[in-house]
Amino acid sequence: MSLLRVAFAVLQPVAVALSQPRGLQSEAACNFTNAPGMPHFWDVSCRENRSSLGCLADGQNPECRFCGQGDYKEVLCPASLCSFVNPPHLPYYWDADCSMGKIGCLADGVHVKCRFCGEFPYNGTVPCKAGHTTTPAGSCLFVNEPEMPYFWDATCEDGMLGCRADGMHKECRFCGRGDYSEVKCPASLCTFRRGLEPPAQPYNHYWEPLCWNASAHILGCLADGIHRQCRFCGAGEYKSIPCPPGSSA
């Protein structure tokens with residue numbers, strides 16, 4: 001890959017109140033008599049070709065366009081339909097194929113179709129959509145993707161171990177391996193596959209760099225089905241594994 005912007009994502013909530021798809025707040029020109037249950041956005045390209053699929057969605061403005069669902073699924077919705085309370089540090093886009101439990105979906109905690117992509121820990125599992133992905137400014141920027149785990153640590157200061165991992169942003173931090181083994185990786189680096197959602201409490205999980213390196217570090221590893229370092233702890237068959245500070249339910 002070329003330049004990569006990377007950071008860790010906050011672990012997605014297991015259960016949230018989901019909102020209906022909506023249009024962008026800046027699309028004031030859309031004027032629906034009744035609010036549709038279909039995602040829509042303001043597309044200036046519709047001015048030139050009013051017959052394009054989904055254009056004239058409100059019956060009045062050619063720029064008002066349906067997208068990403070039903071008859072309009074082939075029209076890609078913009079990533080700006082996502083609505084984050086706090087800006088993330090990972091690339092994201094609107095994926096019409098997202099459903100509850102799929103990796104990276106429900107990225108904003110509100111819309112199931114909003115999806116994290118491309119960068120650790122979603123590299124290799126969720127590719128980004130070229131031309132339809134938003135990459136936040138506050139992200140790591142690597143010329144070549146490192147093999148070392150990393151995350152965005154707002155507490156970083158120059159001189160702290162692992163910080164300024166990309167050589168540019170002090171908040172970009174290596175963790176959990178080699179010279180950076182003493183820097184604990186966050187539990188949010190675990191990404192659970194569809195059908196392998198985090199179990200109900202009291203099970204917790206955390207990032208264990210020693211997983212599979214010794215017999216004492218086998219049970220509970222590969223908890224998310226992707227990363228061997230993701231480990232269950234604290235209860236049931238995993239009660240022999242103490243949960244460290246920073247583990248996540």
# chains A, B, ... in the order shown; residues from 1 in each chain; ligands from 1

$ select_by_dssp --residues "range 65-125 of chain A" --states "helix (DSSP H, G or I)" --output "PyMOL selection string"
chain A and resi 70-72+79-81

$ residues_around --residues "Leu161 in chain A" --least-positions-apart "5" --cutoff "9 Å" --atoms "only C-alpha atoms" --output "number ranges by chain"
A: 156, 173-175, 179-180, 182-183

$ closest_atom_pairs --of "range 111-196 of chain A" --to "range 68-80 of chain A" --cutoff "9 Å" --atoms "only C-alpha atoms" --output "JSON lines"
{"residue": "A:Cys114", "atom": "CA", "partner": "A:Ala79", "partner_atom": "CA", "distance": 7.4}
{"residue": "A:Arg115", "atom": "CA", "partner": "A:Ala79", "partner_atom": "CA", "distance": 8.8}
{"residue": "A:His132", "atom": "CA", "partner": "A:Pro78", "partner_atom": "CA", "distance": 5.9}
{"residue": "A:Thr133", "atom": "CA", "partner": "A:Ala79", "partner_atom": "CA", "distance": 5.9}
{"residue": "A:Thr134", "atom": "CA", "partner": "A:Ala79", "partner_atom": "CA", "distance": 6.0}

$ write_last_selection --atoms "N, CA and C atoms" --output "PDB file, in the first residue's frame"
ATOM      1  N   CYS A 114     -21.900   2.436   8.699  1.00  0.00           N
ATOM      2  CA  CYS A 114     -20.657   3.194   8.857  1.00  0.00           C
ATOM      3  C   CYS A 114     -19.552   2.216   9.257  1.00  0.00           C
ATOM      4  N   ARG A 115     -18.460   2.178   8.498  1.00  0.00           N
ATOM      5  CA  ARG A 115     -17.475   1.098   8.676  1.00  0.00           C
ATOM      6  C   ARG A 115     -16.020   1.583   8.711  1.00  0.00           C
ATOM      7  N   HIS A 132     -14.171   6.995  -1.776  1.00  0.00           N
ATOM      8  CA  HIS A 132     -15.364   7.114  -0.929  1.00  0.00           C
ATOM      9  C   HIS A 132     -15.036   6.952   0.555  1.00  0.00           C
ATOM     10  N   THR A 133     -13.758   7.108   0.898  1.00  0.00           N
ATOM     11  CA  THR A 133     -13.304   6.914   2.275  1.00  0.00           C
ATOM     12  C   THR A 133     -12.822   8.232   2.869  1.00  0.00           C
ATOM     13  N   THR A 134     -13.163   8.462   4.122  1.00  0.00           N
ATOM     14  CA  THR A 134     -12.662   9.632   4.846  1.00  0.00           C
ATOM     15  C   THR A 134     -11.538   9.197   5.765  1.00  0.00           C
TER      16      THR A 134
END

$ residues_around --residues "Asp43 in chain A" --least-positions-apart "4" --cutoff "7 Å" --atoms "only C-alpha atoms" --output "JSON, numbers by chain"
{"A": [63, 64, 65]}

$ select_by_dssp --residues "range 34-226 of chain A" --states "strand (DSSP E or B)" --output "PyMOL selection string"
chain A and resi 40-42+64-66+92-94+105+114-116+134+140-142+150-152+163+172-174+204-207+221

$ write_last_selection --atoms "N, CA, C and O atoms" --output "tab-separated table (two decimals), in the first residue's frame"
chain	number	residue	atom	x	y	z
A	40	HIS	N	-29.61	9.41	1.73
A	40	HIS	CA	-29.58	10.33	0.60
A	40	HIS	C	-28.50	11.39	0.86
A	40	HIS	O	-28.10	11.63	1.99
A	41	PHE	N	-28.06	12.01	-0.22
A	41	PHE	CA	-27.04	13.05	-0.09
A	41	PHE	C	-27.17	14.04	-1.24
A	41	PHE	O	-27.94	13.82	-2.18
A	42	TRP	N	-26.40	15.14	-1.17
A	42	TRP	CA	-26.46	16.18	-2.19
A	42	TRP	C	-25.32	15.94	-3.17
A	42	TRP	O	-24.15	16.04	-2.84
A	64	CYS	N	-30.44	16.19	-5.21
A	64	CYS	CA	-30.81	15.34	-4.07
A	64	CYS	C	-30.86	13.89	-4.55
A	64	CYS	O	-31.65	13.55	-5.44
A	65	ARG	N	-30.04	13.03	-3.95
A	65	ARG	CA	-29.86	11.69	-4.51
A	65	ARG	C	-29.96	10.58	-3.47
A	65	ARG	O	-29.33	10.65	-2.40
A	66	PHE	N	-30.72	9.56	-3.79
A	66	PHE	CA	-30.77	8.36	-2.96
A	66	PHE	C	-29.51	7.53	-3.19
A	66	PHE	O	-28.90	7.58	-4.26
A	92	TYR	N	-12.71	5.57	7.43
A	92	TYR	CA	-14.04	4.97	7.46
A	92	TYR	C	-14.79	5.33	6.18
A	92	TYR	O	-14.45	6.27	5.47
A	93	TYR	N	-15.82	4.53	5.89
A	93	TYR	CA	-16.67	4.79	4.73
A	93	TYR	C	-18.06	4.22	5.01
A	93	TYR	O	-18.29	3.56	6.02
A	94	TRP	N	-19.00	4.50	4.12
A	94	TRP	CA	-20.38	4.00	4.23
A	94	TRP	C	-20.50	2.75	3.38
A	94	TRP	O	-20.35	2.80	2.16
A	105	CYS	N	-18.10	-2.59	11.11
A	105	CYS	CA	-19.39	-1.93	10.95
A	105	CYS	C	-19.85	-1.31	12.27
A	105	CYS	O	-19.36	-1.66	13.33
A	114	CYS	N	-21.90	2.44	8.70
A	114	CYS	CA	-20.66	3.19	8.86
A	114	CYS	C	-19.55	2.22	9.26
A	114	CYS	O	-19.68	1.51	10.26
A	115	ARG	N	-18.46	2.18	8.50
A	115	ARG	CA	-17.47	1.10	8.68
A	115	ARG	C	-16.02	1.58	8.71
A	115	ARG	O	-15.59	2.36	7.86
A	116	PHE	N	-15.28	1.13	9.70
A	116	PHE	CA	-13.84	1.36	9.74
A	116	PHE	C	-13.17	0.46	8.69
A	116	PHE	O	-13.68	-0.63	8.38
A	134	THR	N	-13.16	8.46	4.12
A	134	THR	CA	-12.66	9.63	4.85
A	134	THR	C	-11.54	9.20	5.77
A	134	THR	O	-11.70	8.27	6.56
A	140	CYS	N	-1.92	8.32	12.12
A	140	CYS	CA	-0.54	8.03	11.77
A	140	CYS	C	-0.37	8.08	10.25
A	140	CYS	O	-1.32	7.86	9.50
A	141	LEU	N	0.84	8.36	9.81
A	141	LEU	CA	1.14	8.43	8.39
A	141	LEU	C	2.45	7.71	8.13
A	141	LEU	O	3.53	8.25	8.37
A	142	PHE	N	2.35	6.47	7.64
A	142	PHE	CA	3.52	5.65	7.37
A	142	PHE	C	3.78	5.59	5.87
A	142	PHE	O	2.85	5.46	5.07
A	150	TYR	N	0.48	-0.80	16.45
A	150	TYR	CA	0.55	0.61	16.80
A	150	TYR	C	-0.85	1.14	17.05
A	150	TYR	O	-1.84	0.55	16.63
A	151	PHE	N	-0.93	2.28	17.70
A	151	PHE	CA	-2.22	2.90	18.01
A	151	PHE	C	-2.01	4.38	18.23
A	151	PHE	O	-0.88	4.87	18.28
A	152	TRP	N	-3.09	5.12	18.34
A	152	TRP	CA	-3.05	6.56	18.56
A	152	TRP	C	-3.18	6.81	20.05
A	152	TRP	O	-4.19	6.50	20.67
A	163	CYS	N	6.49	6.44	21.01
A	163	CYS	CA	5.78	7.60	20.46
A	163	CYS	C	6.48	8.14	19.22
A	163	CYS	O	7.66	7.90	19.01
A	172	CYS	N	1.30	8.93	17.60
A	172	CYS	CA	1.37	7.63	16.93
A	172	CYS	C	2.38	6.75	17.66
A	172	CYS	O	3.56	7.11	17.77
A	173	ARG	N	1.95	5.60	18.17
A	173	ARG	CA	2.79	4.84	19.11
A	173	ARG	C	2.85	3.35	18.80
A	173	ARG	O	1.83	2.70	18.61
A	174	PHE	N	4.06	2.82	18.76
A	174	PHE	CA	4.27	1.38	18.66
A	174	PHE	C	3.99	0.75	20.02
A	174	PHE	O	4.14	1.38	21.07
A	204	ASN	N	-13.93	-10.77	29.85
A	204	ASN	CA	-13.24	-9.60	29.33
A	204	ASN	C	-12.23	-10.06	28.29
A	204	ASN	O	-12.01	-11.26	28.12
A	205	HIS	N	-11.61	-9.13	27.62
A	205	HIS	CA	-10.53	-9.48	26.70
A	205	HIS	C	-9.47	-8.38	26.73
A	205	HIS	O	-9.74	-7.24	27.10
A	206	TYR	N	-8.28	-8.72	26.32
A	206	TYR	CA	-7.19	-7.76	26.29
A	206	TYR	C	-6.17	-8.20	25.24
A	206	TYR	O	-6.29	-9.26	24.63
A	207	TRP	N	-5.15	-7.37	25.01
A	207	TRP	CA	-4.11	-7.66	24.02
A	207	TRP	C	-2.91	-8.25	24.74
A	207	TRP	O	-2.29	-7.59	25.57
A	221	CYS	N	-6.45	-17.25	23.81
A	221	CYS	CA	-5.86	-16.48	22.72
A	221	CYS	C	-6.67	-16.64	21.43
A	221	CYS	O	-7.45	-17.57	21.29

$ closest_residue --among "A:Gly59, A:Gly54, A:Pro36, A:Pro245" --to "Cys185 in chain A" --atoms "only C-alpha atoms"
A:Pro245

$ atom_distance --atom1 "CA of Asn213 in chain A" --atom2 "CA of Gly176 in chain A"
13.4 Å

$ closest_residue --among "A:Lys129, A:Lys170, A:Arg228, A:Arg177" --to "Glu147 in chain A" --atoms "only C-alpha atoms"
A:Arg177

$ residues_around --residues "range 186-188 of chain A" --least-positions-apart "4" --cutoff "12 Å" --atoms "only C-alpha atoms" --output "tab-separated table (two decimals) with C-alpha atoms, in the first residue's frame"
chain	number	residue	atom	x	y	z
A	7	ALA	CA	-4.61	4.56	14.56
A	8	PHE	CA	-6.60	2.47	16.94
A	9	ALA	CA	-10.34	2.48	17.05
A	10	VAL	CA	-12.54	2.52	20.06
A	11	LEU	CA	-14.15	-0.90	20.46
A	12	GLN	CA	-17.58	-0.88	18.96
A	13	PRO	CA	-20.53	-1.15	21.38
A	104	GLY	CA	-15.67	-2.64	11.35
A	120	PHE	CA	-4.54	-1.58	11.85
A	121	PRO	CA	-6.39	-3.46	13.22
A	122	TYR	CA	-8.59	-3.63	10.09
A	149	PRO	CA	1.30	-3.06	16.28
A	150	TYR	CA	0.55	0.61	16.80
A	151	PHE	CA	-2.22	2.90	18.01
A	152	TRP	CA	-3.05	6.56	18.56
A	153	ASP	CA	-2.10	7.57	22.10
A	173	ARG	CA	2.79	4.84	19.11
A	174	PHE	CA	4.27	1.38	18.66
A	175	CYS	CA	3.33	-1.23	21.27
A	176	GLY	CA	3.50	-4.83	22.40
A	192	PHE	CA	-14.38	-9.52	16.45
A	198	PRO	CA	-17.50	-10.07	22.51
A	204	ASN	CA	-13.24	-9.60	29.33
A	205	HIS	CA	-10.53	-9.48	26.70
A	206	TYR	CA	-7.19	-7.76	26.29
A	207	TRP	CA	-4.11	-7.66	24.02
A	208	GLU	CA	-1.52	-10.24	25.11
A	209	PRO	CA	1.77	-10.09	23.11
A	223	ALA	CA	-10.39	-14.45	20.96
A	224	ASP	CA	-11.48	-12.35	17.97
A	227	HIS	CA	-5.34	-11.72	16.10
A	229	GLN	CA	-2.75	-11.64	20.73
A	230	CYS	CA	-6.42	-10.97	21.47
A	231	ARG	CA	-7.20	-12.95	24.64
A	232	PHE	CA	-10.22	-13.71	26.83
A	233	CYS	CA	-9.79	-13.48	30.59
A	243	CYS	CA	-7.50	-9.55	33.47
A	244	PRO	CA	-4.94	-6.72	33.49
A	245	PRO	CA	-5.84	-3.04	33.83
A	246	GLY	CA	-7.23	-1.78	30.55
A	247	SER	CA	-9.00	-5.01	29.62
A	248	SER	CA	-12.35	-4.56	27.92
A	249	ALA	CA	-15.70	-6.25	28.40

$ closest_residue --among "A:Asn31, A:Ser83, A:Ser45, A:Thr125" --to "Asp58 in chain A" --atoms "only C-alpha atoms"
A:Asn31

$ atom_distance --atom1 "CA of Ala107 in chain A" --atom2 "CA of Val126 in chain A"
12.4 Å
